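Peer 1: Data: work12.txt, compact mmCIF, C-alpha atoms.
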# COMPACT_ATOMS: atom_id res chain seq x y z
CA MET W 457 -15.12 -1.09 -18.71
CA LYS W 458 -15.64 -3.71 -21.41
CA LEU W 459 -18.86 -1.91 -22.25
CA ILE W 460 -16.84 1.19 -23.17
CA ILE W 461 -14.87 -0.81 -25.72
CA LEU W 462 -17.93 -2.47 -27.19
CA ILE W 463 -19.88 0.76 -27.55
CA LEU W 464 -16.96 2.51 -29.20
CA ALA W 465 -16.21 -0.43 -31.45
CA VAL W 466 -19.66 -0.61 -33.02
CA ALA W 467 -20.64 3.06 -32.95
CA VAL W 468 -17.70 5.42 -33.09
CA VAL W 469 -16.98 5.08 -36.81
CA ALA W 470 -20.61 5.74 -37.60
CA LYS W 471 -20.46 8.88 -35.46
CA SER W 472 -17.24 10.01 -37.09
CA ALA W 473 -18.33 9.86 -40.72
CA PRO W 474 -21.47 9.25 -42.83
CA LEU W 475 -22.30 5.58 -43.35
CA LYS W 476 -21.55 5.51 -47.06
CA THR W 477 -20.09 2.75 -49.18
CA SER W 478 -17.30 5.12 -50.17
CA THR W 479 -16.42 5.62 -46.50
CA ASP W 480 -16.34 1.87 -45.88
CA ASN W 481 -14.17 1.34 -48.97
CA CYS W 482 -11.83 4.11 -47.85
CA ILE W 483 -11.41 2.55 -44.40
CA ALA W 484 -10.88 -0.93 -45.86
CA ASN W 485 -8.31 0.35 -48.35
CA TYR W 486 -6.46 2.24 -45.63
CA LEU W 487 -6.28 -0.91 -43.51
CA LYS W 488 -5.20 -3.09 -46.44
CA LYS W 489 -2.53 -0.61 -47.43
CA ASN W 490 -1.16 -0.76 -43.90
CA GLU W 491 -1.36 -4.58 -43.93
CA LEU W 492 -4.05 -4.67 -41.26
CA LEU W 493 -6.46 -6.58 -43.50
CA THR W 494 -5.90 -9.66 -45.64
CA SER W 495 -7.13 -10.59 -49.11
CA ALA W 496 -10.27 -12.01 -47.50
CA PHE W 497 -11.54 -8.45 -47.46
CA GLY W 498 -11.64 -7.91 -51.18
CA ASP W 499 -9.35 -7.59 -54.16
CA GLU W 500 -6.02 -6.12 -53.07
CA SER W 501 -5.56 -4.68 -56.55
CA GLU W 502 -8.34 -2.22 -55.72
CA VAL W 503 -6.35 -0.61 -52.91
CA GLU W 504 -6.11 3.10 -53.54
CA ILE W 505 -5.62 5.82 -50.96
CA THR W 506 -6.51 9.31 -52.04
CA ALA W 507 -5.62 12.41 -50.08
CA SER W 508 -9.26 12.88 -49.13
CA CYS W 509 -9.47 9.25 -47.93
CA GLU W 510 -6.34 9.66 -45.82
CA MET W 511 -7.80 12.81 -44.30
CA LEU W 512 -11.11 11.05 -43.63
CA VAL W 513 -9.42 8.16 -41.83
CA GLN W 514 -7.36 10.49 -39.66
CA THR W 515 -10.50 12.46 -38.78
CA ILE W 516 -12.28 9.24 -37.82
CA LYS W 517 -9.35 8.15 -35.65
CA ILE W 518 -9.26 11.54 -33.89
CA ASN W 519 -12.96 11.13 -33.13
CA ILE W 520 -12.34 7.59 -31.88
CA TYR W 521 -9.92 8.91 -29.27
CA LYS W 522 -12.25 11.79 -28.42
CA SER W 523 -15.12 9.36 -27.90
CA LEU W 524 -12.88 7.18 -25.77
CA GLU W 525 -11.86 10.17 -23.66
CA ASP W 526 -15.51 11.16 -23.15
CA SER W 527 -16.33 7.61 -22.04
CA LEU W 528 -13.36 7.47 -19.67
CA ILE W 529 -14.41 10.72 -18.01
CA GLU W 530 -17.84 9.21 -17.35
CA ASP W 531 -16.31 6.07 -15.80
CA GLU W 532 -15.78 6.30 -12.03
CA GLU W 533 -12.58 4.23 -12.06
CA MET W 534 -11.10 5.88 -15.13
CA LYS W 535 -11.90 9.59 -14.94
CA GLU W 536 -9.04 10.51 -12.60
CA HIS W 537 -6.52 9.09 -15.08
CA SER W 538 -8.38 9.77 -18.35
CA GLU W 539 -5.86 12.25 -19.78
CA CYS W 540 -2.92 9.98 -18.97
CA ILE W 541 -4.72 6.94 -20.43
CA ILE W 542 -5.47 8.77 -23.67
CA ASP W 543 -1.84 9.89 -23.98
CA ASN W 544 -0.70 6.28 -23.61
CA VAL W 545 -3.36 4.73 -25.84
CA TYR W 546 -2.76 7.37 -28.52
CA GLU W 547 0.73 5.93 -29.03
CA THR W 548 -0.74 2.50 -29.84
CA ASP W 549 -2.74 1.07 -32.74
CA TYR W 550 -6.00 1.25 -30.78
CA GLY W 551 -7.69 3.41 -33.44
CA ASP W 552 -6.72 1.02 -36.22
CA LYS W 553 -8.07 -1.93 -34.23
CA LEU W 554 -11.49 -0.30 -34.00
CA LEU W 555 -11.42 0.45 -37.72
CA VAL W 556 -10.79 -3.24 -38.41
CA LEU W 557 -13.69 -4.08 -36.13
CA HIS W 558 -15.90 -1.73 -38.13
CA VAL W 559 -14.97 -3.50 -41.37
CA LEU W 560 -15.73 -6.87 -39.78
CA GLU W 561 -19.29 -5.67 -39.16
CA LYS W 562 -19.86 -5.40 -42.92
CA ASP W 563 -21.59 -8.24 -44.75
CA ASN W 564 -19.57 -8.16 -47.97
CA LEU W 565 -16.77 -10.41 -46.69
CA THR W 566 -15.60 -13.81 -47.81
CA LEU W 567 -15.18 -14.92 -44.21
CA LYS W 568 -17.33 -17.47 -42.44
CA GLU W 569 -19.31 -16.22 -39.47
CA ASP W 570 -17.21 -18.14 -36.94
CA GLU W 571 -14.03 -16.71 -38.49
CA LYS W 572 -15.42 -13.20 -38.22
CA MET W 573 -16.41 -13.79 -34.60
CA GLU W 574 -12.97 -15.14 -33.72
CA MET W 575 -11.26 -12.13 -35.30
CA LYS W 576 -13.61 -9.72 -33.54
CA ASN W 577 -12.96 -11.35 -30.18
CA VAL W 578 -9.20 -11.11 -30.67
CA ILE W 579 -9.44 -7.43 -31.62
CA LEU W 580 -11.72 -6.64 -28.68
CA GLN W 581 -9.33 -8.37 -26.31
CA ASP W 582 -6.37 -6.49 -27.77
CA ALA W 583 -8.18 -3.15 -27.55
CA TYR W 584 -9.27 -3.92 -24.02
CA ALA W 585 -5.72 -4.88 -23.06
CA LEU W 586 -4.35 -1.59 -24.41
CA ILE W 587 -6.69 0.41 -22.19
CA THR W 588 -6.29 -1.70 -19.06
CA LYS W 589 -2.51 -1.60 -19.36
CA ALA W 590 -2.62 2.16 -19.89
CA LEU W 591 -4.81 2.48 -16.78
CA LEU W 592 -2.38 0.37 -14.78
CA LYS W 593 0.59 2.46 -15.90
CA CYS W 594 -1.18 5.73 -15.09
CA LYS W 595 -2.33 4.57 -11.67
CA MET W 596 1.10 3.24 -10.79
CA ASN W 597 2.88 6.40 -12.00
CA SER W 598 0.85 8.39 -9.51
CA ILE W 599 1.93 6.00 -6.76
CA PHE W 600 5.58 6.12 -7.88
CA GLY W 601 5.68 9.90 -7.64
CA GLU W 602 4.32 9.75 -4.10
CA ILE W 603 6.84 7.08 -3.13
CA PHE W 604 9.75 9.15 -4.45
CA ASP W 605 8.55 12.30 -2.70
CA SER W 606 8.19 10.39 0.57
CA MET W 607 11.91 9.58 0.45
CA PHE W 608 12.62 13.24 1.15
CA ASN W 609 10.03 13.51 3.91
CA GLU W 610 11.82 12.91 7.21
CA GLU W 611 8.58 12.24 9.10
CA GLU W 612 7.47 9.56 6.65
CA ASN W 613 10.96 8.06 6.53
CA SER W 614 11.17 7.85 10.31
CA SER W 615 7.83 6.03 10.49
CA GLU W 616 9.07 3.28 8.17
CA GLU W 617 10.84 0.19 9.41
CA GLU W 618 14.54 1.01 9.38
CA LEU W 619 17.37 -1.27 8.39
CA SER W 620 19.71 -2.47 11.08
CA ASP W 621 23.19 -0.94 11.11
CA ILE W 622 24.62 -4.06 9.48
CA GLU W 623 21.89 -4.18 6.83
CA ASP W 624 22.40 -0.49 6.12
CA TYR W 625 26.14 -1.03 5.73
CA CYS W 626 25.63 -3.93 3.31
CA VAL W 627 23.19 -1.97 1.16
CA ARG W 628 25.57 0.98 1.03
CA LYS W 629 28.43 -1.36 0.16
CA TYR W 630 26.42 -2.90 -2.68
CA ILE W 631 25.53 0.53 -4.08
CA ILE W 632 29.14 1.74 -3.98
CA ASP W 633 30.72 -1.50 -5.23
CA ASN W 634 28.31 -1.64 -8.18
CA ASN W 635 28.57 2.08 -9.05
CA LEU W 636 24.83 2.62 -8.68
CA LEU W 637 25.36 6.25 -7.69
CA ASP W 638 27.29 8.77 -9.76
CA LYS W 639 30.46 9.15 -7.70
CA SER W 640 31.19 12.52 -9.25
CA LYS W 641 27.96 13.83 -7.68
CA TYR W 642 27.35 11.64 -4.66
CA GLN W 643 29.96 10.49 -2.14
CA LEU W 644 27.98 7.94 -0.16
CA ASN W 645 29.47 7.04 3.22
CA LYS W 646 29.82 3.26 3.28
CA ASN W 647 29.98 2.92 7.06
CA PRO W 648 28.53 6.00 8.80
CA LYS W 649 28.02 4.13 12.11
CA ASN W 650 31.62 2.82 12.12
CA ILE W 651 30.50 -0.72 12.88
CA ASP W 652 32.90 -3.66 12.90
CA THR W 653 32.50 -5.32 9.48
CA THR W 654 35.27 -7.91 9.65
CA SER W 655 32.89 -10.88 9.94
CA VAL W 656 29.88 -9.46 8.10
CA ASP W 657 28.48 -11.65 5.31
CA CYS W 658 27.08 -8.88 3.15
CA VAL W 659 26.00 -11.14 0.30
CA THR W 660 23.57 -13.03 2.51
CA ILE W 661 22.44 -9.91 4.37
CA PHE W 662 21.88 -7.87 1.21
CA ASN W 663 19.92 -10.70 -0.42
CA SER W 664 17.72 -10.85 2.67
CA VAL W 665 17.03 -7.11 2.44
CA VAL W 666 16.23 -7.44 -1.26
CA GLU W 667 13.72 -10.21 -0.52
CA GLN W 668 11.96 -8.01 2.03
CA ILE W 669 11.62 -5.16 -0.47
CA GLU W 670 10.54 -7.56 -3.22
CA ARG W 671 7.64 -8.65 -1.03
CA GLU W 672 6.56 -5.04 -0.60
CA ILE W 673 6.65 -4.43 -4.35
CA VAL W 674 4.64 -7.60 -4.95
CA LYS W 675 2.00 -6.34 -2.50
CA ILE W 676 1.64 -3.08 -4.44
CA TYR W 677 1.17 -4.77 -7.80
CA THR W 678 -1.03 -7.65 -6.68
CA LYS W 679 -3.24 -5.08 -4.96
CA GLU W 680 -3.84 -3.60 -8.41
CA ILE W 681 -4.80 -7.05 -9.73
CA ASN W 682 -7.22 -7.62 -6.87
CA SER W 683 -8.74 -4.14 -6.98
CA SER W 684 -9.75 -4.77 -10.59
CA SER W 685 -11.29 -8.14 -9.84
CA GLU W 686 -14.86 -8.47 -8.65
CA GLU W 687 -14.06 -11.70 -6.86
CA SER W 688 -10.51 -12.54 -5.87
CA LYS W 689 -9.54 -16.17 -5.59
CA GLU W 690 -6.67 -17.32 -3.44
CA ASP W 691 -5.06 -19.46 -6.15
CA GLU W 692 -5.30 -16.61 -8.68
CA ASP W 693 -3.75 -14.20 -6.17
CA LYS W 694 -0.90 -16.64 -5.57
CA THR W 695 -0.30 -17.00 -9.31
CA GLY W 696 -0.26 -13.21 -9.73
CA SER W 697 2.13 -12.77 -6.81
CA ASP W 698 4.50 -15.42 -8.14
CA CYS W 699 4.51 -13.78 -11.56
CA VAL W 700 5.25 -10.31 -10.18
CA LEU W 701 8.01 -11.69 -7.96
CA LYS W 702 9.60 -13.40 -10.95
CA VAL W 703 9.51 -10.17 -12.99
CA VAL W 704 11.02 -8.15 -10.12
CA ARG W 705 13.83 -10.64 -9.55
CA LEU W 706 14.74 -11.21 -13.19
CA GLY W 707 14.93 -7.46 -13.79
CA LYS W 708 16.89 -6.80 -10.57
CA TYR W 709 14.57 -3.86 -9.94
CA VAL W 710 15.18 -3.72 -6.18
CA GLU W 711 18.91 -3.45 -6.79
CA MET W 712 18.36 -0.60 -9.27
CA LEU W 713 16.08 1.22 -6.83
CA ALA W 714 18.35 0.88 -3.80
CA PRO W 715 20.31 4.14 -4.33
CA PHE W 716 17.22 6.34 -4.28
CA ASP W 717 16.68 5.73 -0.57
CA TYR W 718 20.00 7.45 0.15
CA LEU W 719 19.48 10.61 -1.87
CA ILE W 720 18.06 12.30 1.23
CA GLU W 721 21.63 12.41 2.58
CA PHE W 722 22.60 14.88 -0.12
CA ASN W 723 21.50 18.47 -0.42
CA LEU W 724 19.75 18.12 -3.77
CA SER W 725 18.32 21.15 -5.52
CA ASP W 726 14.75 21.02 -6.82
CA GLU W 727 16.14 20.54 -10.33
CA GLU W 728 18.31 17.62 -9.22
CA LYS W 729 15.38 16.04 -7.38
CA ALA W 730 13.25 16.36 -10.50
CA LYS W 731 15.91 14.57 -12.58
CA GLU W 732 16.26 11.77 -10.04
CA LYS W 733 12.48 11.46 -9.85
CA ILE W 734 12.33 10.92 -13.61
CA LYS W 735 14.97 8.18 -13.31
CA PHE W 736 13.02 6.53 -10.50
CA ILE W 737 9.72 6.64 -12.38
CA ASN W 738 11.37 5.33 -15.57
CA ILE W 739 12.65 2.27 -13.69
CA MET W 740 9.21 1.69 -12.20
CA ASP W 741 7.59 2.29 -15.60
CA ASP W 742 9.73 -0.46 -17.06
CA LEU W 743 8.74 -2.77 -14.21
CA THR W 744 5.08 -1.89 -14.79
CA GLU W 745 5.42 -2.62 -18.49
CA GLN W 746 6.92 -6.03 -17.78
CA PHE W 747 4.26 -6.69 -15.17
CA ALA W 748 1.47 -5.70 -17.58
CA LEU W 749 2.86 -7.88 -20.36
CA LYS W 750 3.46 -10.98 -18.27
CA CYS W 751 1.15 -10.87 -15.25
CA TYR W 752 -1.86 -8.62 -15.90
CA THR W 753 -4.37 -11.05 -17.40
CA LEU W 754 -7.71 -10.13 -18.91
CA THR W 755 -9.42 -12.84 -16.88
CA LYS W 756 -9.09 -10.53 -13.89
CA LYS W 757 -11.44 -8.01 -15.47
Represent the structure of the file as structure tokens.

Peer 2:
Amino acid sequence: MKLIILILAVAVVAKSAPLKTSTDNCIANYLKKNELLTSAFGDESEVEITASCEMLVQTIKINIYKSLEDSLIEDEEMKEHSECIIDNVYETDYGDKLLVLHVLEKDNLTLKEDEKMEMKNVILQDAYALITKALLKCKMNSIFGEIFDSMFNEEENSSEEELSDIEDYCVRKYIIDNNLLDKSKYQLNKNPKNIDTTSVDCVTIFNSVVEQIEREIVKIYTKEINSSSEESKEDEDKTGSDCVLKVVRLGKYVEMLAPFDYLIEFNLSDEEKAKEKIKFINIMDDLTEQFALKCYTLTKK
């Protein structure tokens, strides 16, 4: 996938507009105006953005994303999620990063060669990170939707390892005590099995359940790390797992997700299911974002 970035970085601007000095000046001025270039790239007093220049830059950026989309479709790993990746990357400064890279290729700079190379490497890493994180988010969103749908599939639910009656009671108690379900919509039965709870230590039991689910979440995310790595190393896997576990625990994601397992007990309409699904995916999106920021390293690629 790095090849995609490199090809786009050195060629896409040339494909998007004629290689004229006026085009280069327009791009440089646009970047300086938006504080994406420093004074090392010429006299800042010369910055001037005409309407035609603004239009040219926007056209070039549109073509950058189109070229990226074409490349993603040709990539075996990416093509399934290409549309989703583009939607996510489009909201970033990916296009501007490639424009900066184009300017760095010019010879009329007051930068030393090693300075240029360092800047180019940083930009390439940033651009690469934007795409890999978008890919991760898109792949995980697909998984999240399937997980949510499976909660309403009785066959799939019955095949999963069930909580004991005491564990189930403690999870229900936690959900109710912490108002994790809208009580005006959902009246969750705290003790449907009518078990004796007089000596139940729900704090310890609930924490144990949370730890079990945390391990399952860690497996899902570390699988994504390993699937993107040509050669997995045990110490790297351990580091990735520890990082994901830390993110999950600090964000209390298992606790936030607990109520969704009990929605099957209510006769939800398709519209209500759709709303709850959005909530579920939003929580998992946030987890994915934190995971991508803190645990998804470029050295795995």

Peer 1: Kindly give the distance, in Å, that separates atom CA of Leu713 of chain W and atom CA of Lys589 of chain W, rounded to a single decimal.

Peer 2: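 A separation of 22.6 Å between them.
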
Peer 1: Go ahead and compute the interatomic distance for atom CA of Ala748 of chain W and atom CA of Asp526 of chain W, in Å to one decimal.

Peer 2: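 Rounded to one decimal, the two atoms are 24.6 Å apart.
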
Peer 1: Find, counting all atoms listed in the file, the residue in W:Tyr630, W:Phe600, W:Tyr642, W:Phe736 that gets nearest to Glu711 of chain W.

Peer 2: W:Tyr630

Peer 1: At a cut-off of 12 Å, using all atoms listed in the file, what residues contact segment 700-709 of chain W? Leave out same-chain residues fewer than 3 positions from it and give the result as a ChimeraX atom specification.

Peer 2: /W:663,666-681,693-697,712-716,736-752

Peer 1: Got time to write the residues from that selection, C-alpha atoms, as an mmCIF file, in the coordinates of the input?

Peer 2:
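Once written, selection.cif looks like this:
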data_model
loop_
_atom_site.group_PDB
_atom_site.id
_atom_site.type_symbol
_atom_site.label_atom_id
_atom_site.label_comp_id
_atom_site.auth_asym_id
_atom_site.auth_seq_id
_atom_site.Cartn_x
_atom_site.Cartn_y
_atom_site.Cartn_z
ATOM 1 C CA ASN W 663 19.920 -10.700 -0.420
ATOM 2 C CA VAL W 666 16.230 -7.440 -1.260
ATOM 3 C CA GLU W 667 13.720 -10.210 -0.520
ATOM 4 C CA GLN W 668 11.960 -8.010 2.030
ATOM 5 C CA ILE W 669 11.620 -5.160 -0.470
ATOM 6 C CA GLU W 670 10.540 -7.560 -3.220
ATOM 7 C CA ARG W 671 7.640 -8.650 -1.030
ATOM 8 C CA GLU W 672 6.560 -5.040 -0.600
ATOM 9 C CA ILE W 673 6.650 -4.430 -4.350
ATOM 10 C CA VAL W 674 4.640 -7.600 -4.950
ATOM 11 C CA LYS W 675 2.000 -6.340 -2.500
ATOM 12 C CA ILE W 676 1.640 -3.080 -4.440
ATOM 13 C CA TYR W 677 1.170 -4.770 -7.800
ATOM 14 C CA THR W 678 -1.030 -7.650 -6.680
ATOM 15 C CA LYS W 679 -3.240 -5.080 -4.960
ATOM 16 C CA GLU W 680 -3.840 -3.600 -8.410
ATOM 17 C CA ILE W 681 -4.800 -7.050 -9.730
ATOM 18 C CA ASP W 693 -3.750 -14.200 -6.170
ATOM 19 C CA LYS W 694 -0.900 -16.640 -5.570
ATOM 20 C CA THR W 695 -0.300 -17.000 -9.310
ATOM 21 C CA GLY W 696 -0.260 -13.210 -9.730
ATOM 22 C CA SER W 697 2.130 -12.770 -6.810
ATOM 23 C CA MET W 712 18.360 -0.600 -9.270
ATOM 24 C CA LEU W 713 16.080 1.220 -6.830
ATOM 25 C CA ALA W 714 18.350 0.880 -3.800
ATOM 26 C CA PRO W 715 20.310 4.140 -4.330
ATOM 27 C CA PHE W 716 17.220 6.340 -4.280
ATOM 28 C CA PHE W 736 13.020 6.530 -10.500
ATOM 29 C CA ILE W 737 9.720 6.640 -12.380
ATOM 30 C CA ASN W 738 11.370 5.330 -15.570
ATOM 31 C CA ILE W 739 12.650 2.270 -13.690
ATOM 32 C CA MET W 740 9.210 1.690 -12.200
ATOM 33 C CA ASP W 741 7.590 2.290 -15.600
ATOM 34 C CA ASP W 742 9.730 -0.460 -17.060
ATOM 35 C CA LEU W 743 8.740 -2.770 -14.210
ATOM 36 C CA THR W 744 5.080 -1.890 -14.790
ATOM 37 C CA GLU W 745 5.420 -2.620 -18.490
ATOM 38 C CA GLN W 746 6.920 -6.030 -17.780
ATOM 39 C CA PHE W 747 4.260 -6.690 -15.170
ATOM 40 C CA ALA W 748 1.470 -5.700 -17.580
ATOM 41 C CA LEU W 749 2.860 -7.880 -20.360
ATOM 42 C CA LYS W 750 3.460 -10.980 -18.270
ATOM 43 C CA CYS W 751 1.150 -10.870 -15.250
ATOM 44 C CA TYR W 752 -1.860 -8.620 -15.900
#

Peer 1: From the options W:Met607, W:Leu554, W:Ile734, W:Val710, which residue's atoms come nearest to Tyr584 of chain W, counting only C-alpha atoms?

Peer 2: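 Selected residue with least distance to Tyr584 of chain W: W:Leu554.
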
Peer 1: Could you tell me how far atom CA of Ile579 of chain W lies from atom CA of Leu487 of chain W, in Å and to one decimal?

Peer 2: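 Spanning atom CA of Ile579 of chain W to atom CA of Leu487 of chain W is a straight-line distance of 13.9 Å.
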
Peer 1: With a distance cut-off of 6 Å and all atoms listed in the file, select the neighbouring residues of Lys517 of chain W, excluding the residue or stretch itself and same-chain residues fewer than 3 positions from it, and output the selection as a list in words.

Peer 2: Gln514, Ile520 and Gly551 of chain W

Peer 1: Counting all atoms listed in the file, which of W:Ser538, W:Asn609, W:Ser640, W:Thr654 gets nearest to Leu524 of chain W?

Peer 2: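 Nearest to Leu524 of chain W: W:Ser538.
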
Peer 1: Determine, counting all atoms listed in the file, which protein, DNA and RNA residues have an atom within 8 Å of an atom of Leu591 of chain W; residues of the same chain fewer than 4 positions away are not included. Present the result as a ChimeraX atom specification.

Peer 2: /W:534,537,541,587,595

Peer 1: Ranking W:Ser508, W:Gln581, W:Asn645, W:Asn519 by minimum distance to Cys482 of chain W and counting all atoms listed in the file, which one comes first?

Peer 2: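 When distances to Cys482 of chain W are compared using all atoms listed in the file, the smallest one comes from W:Ser508.
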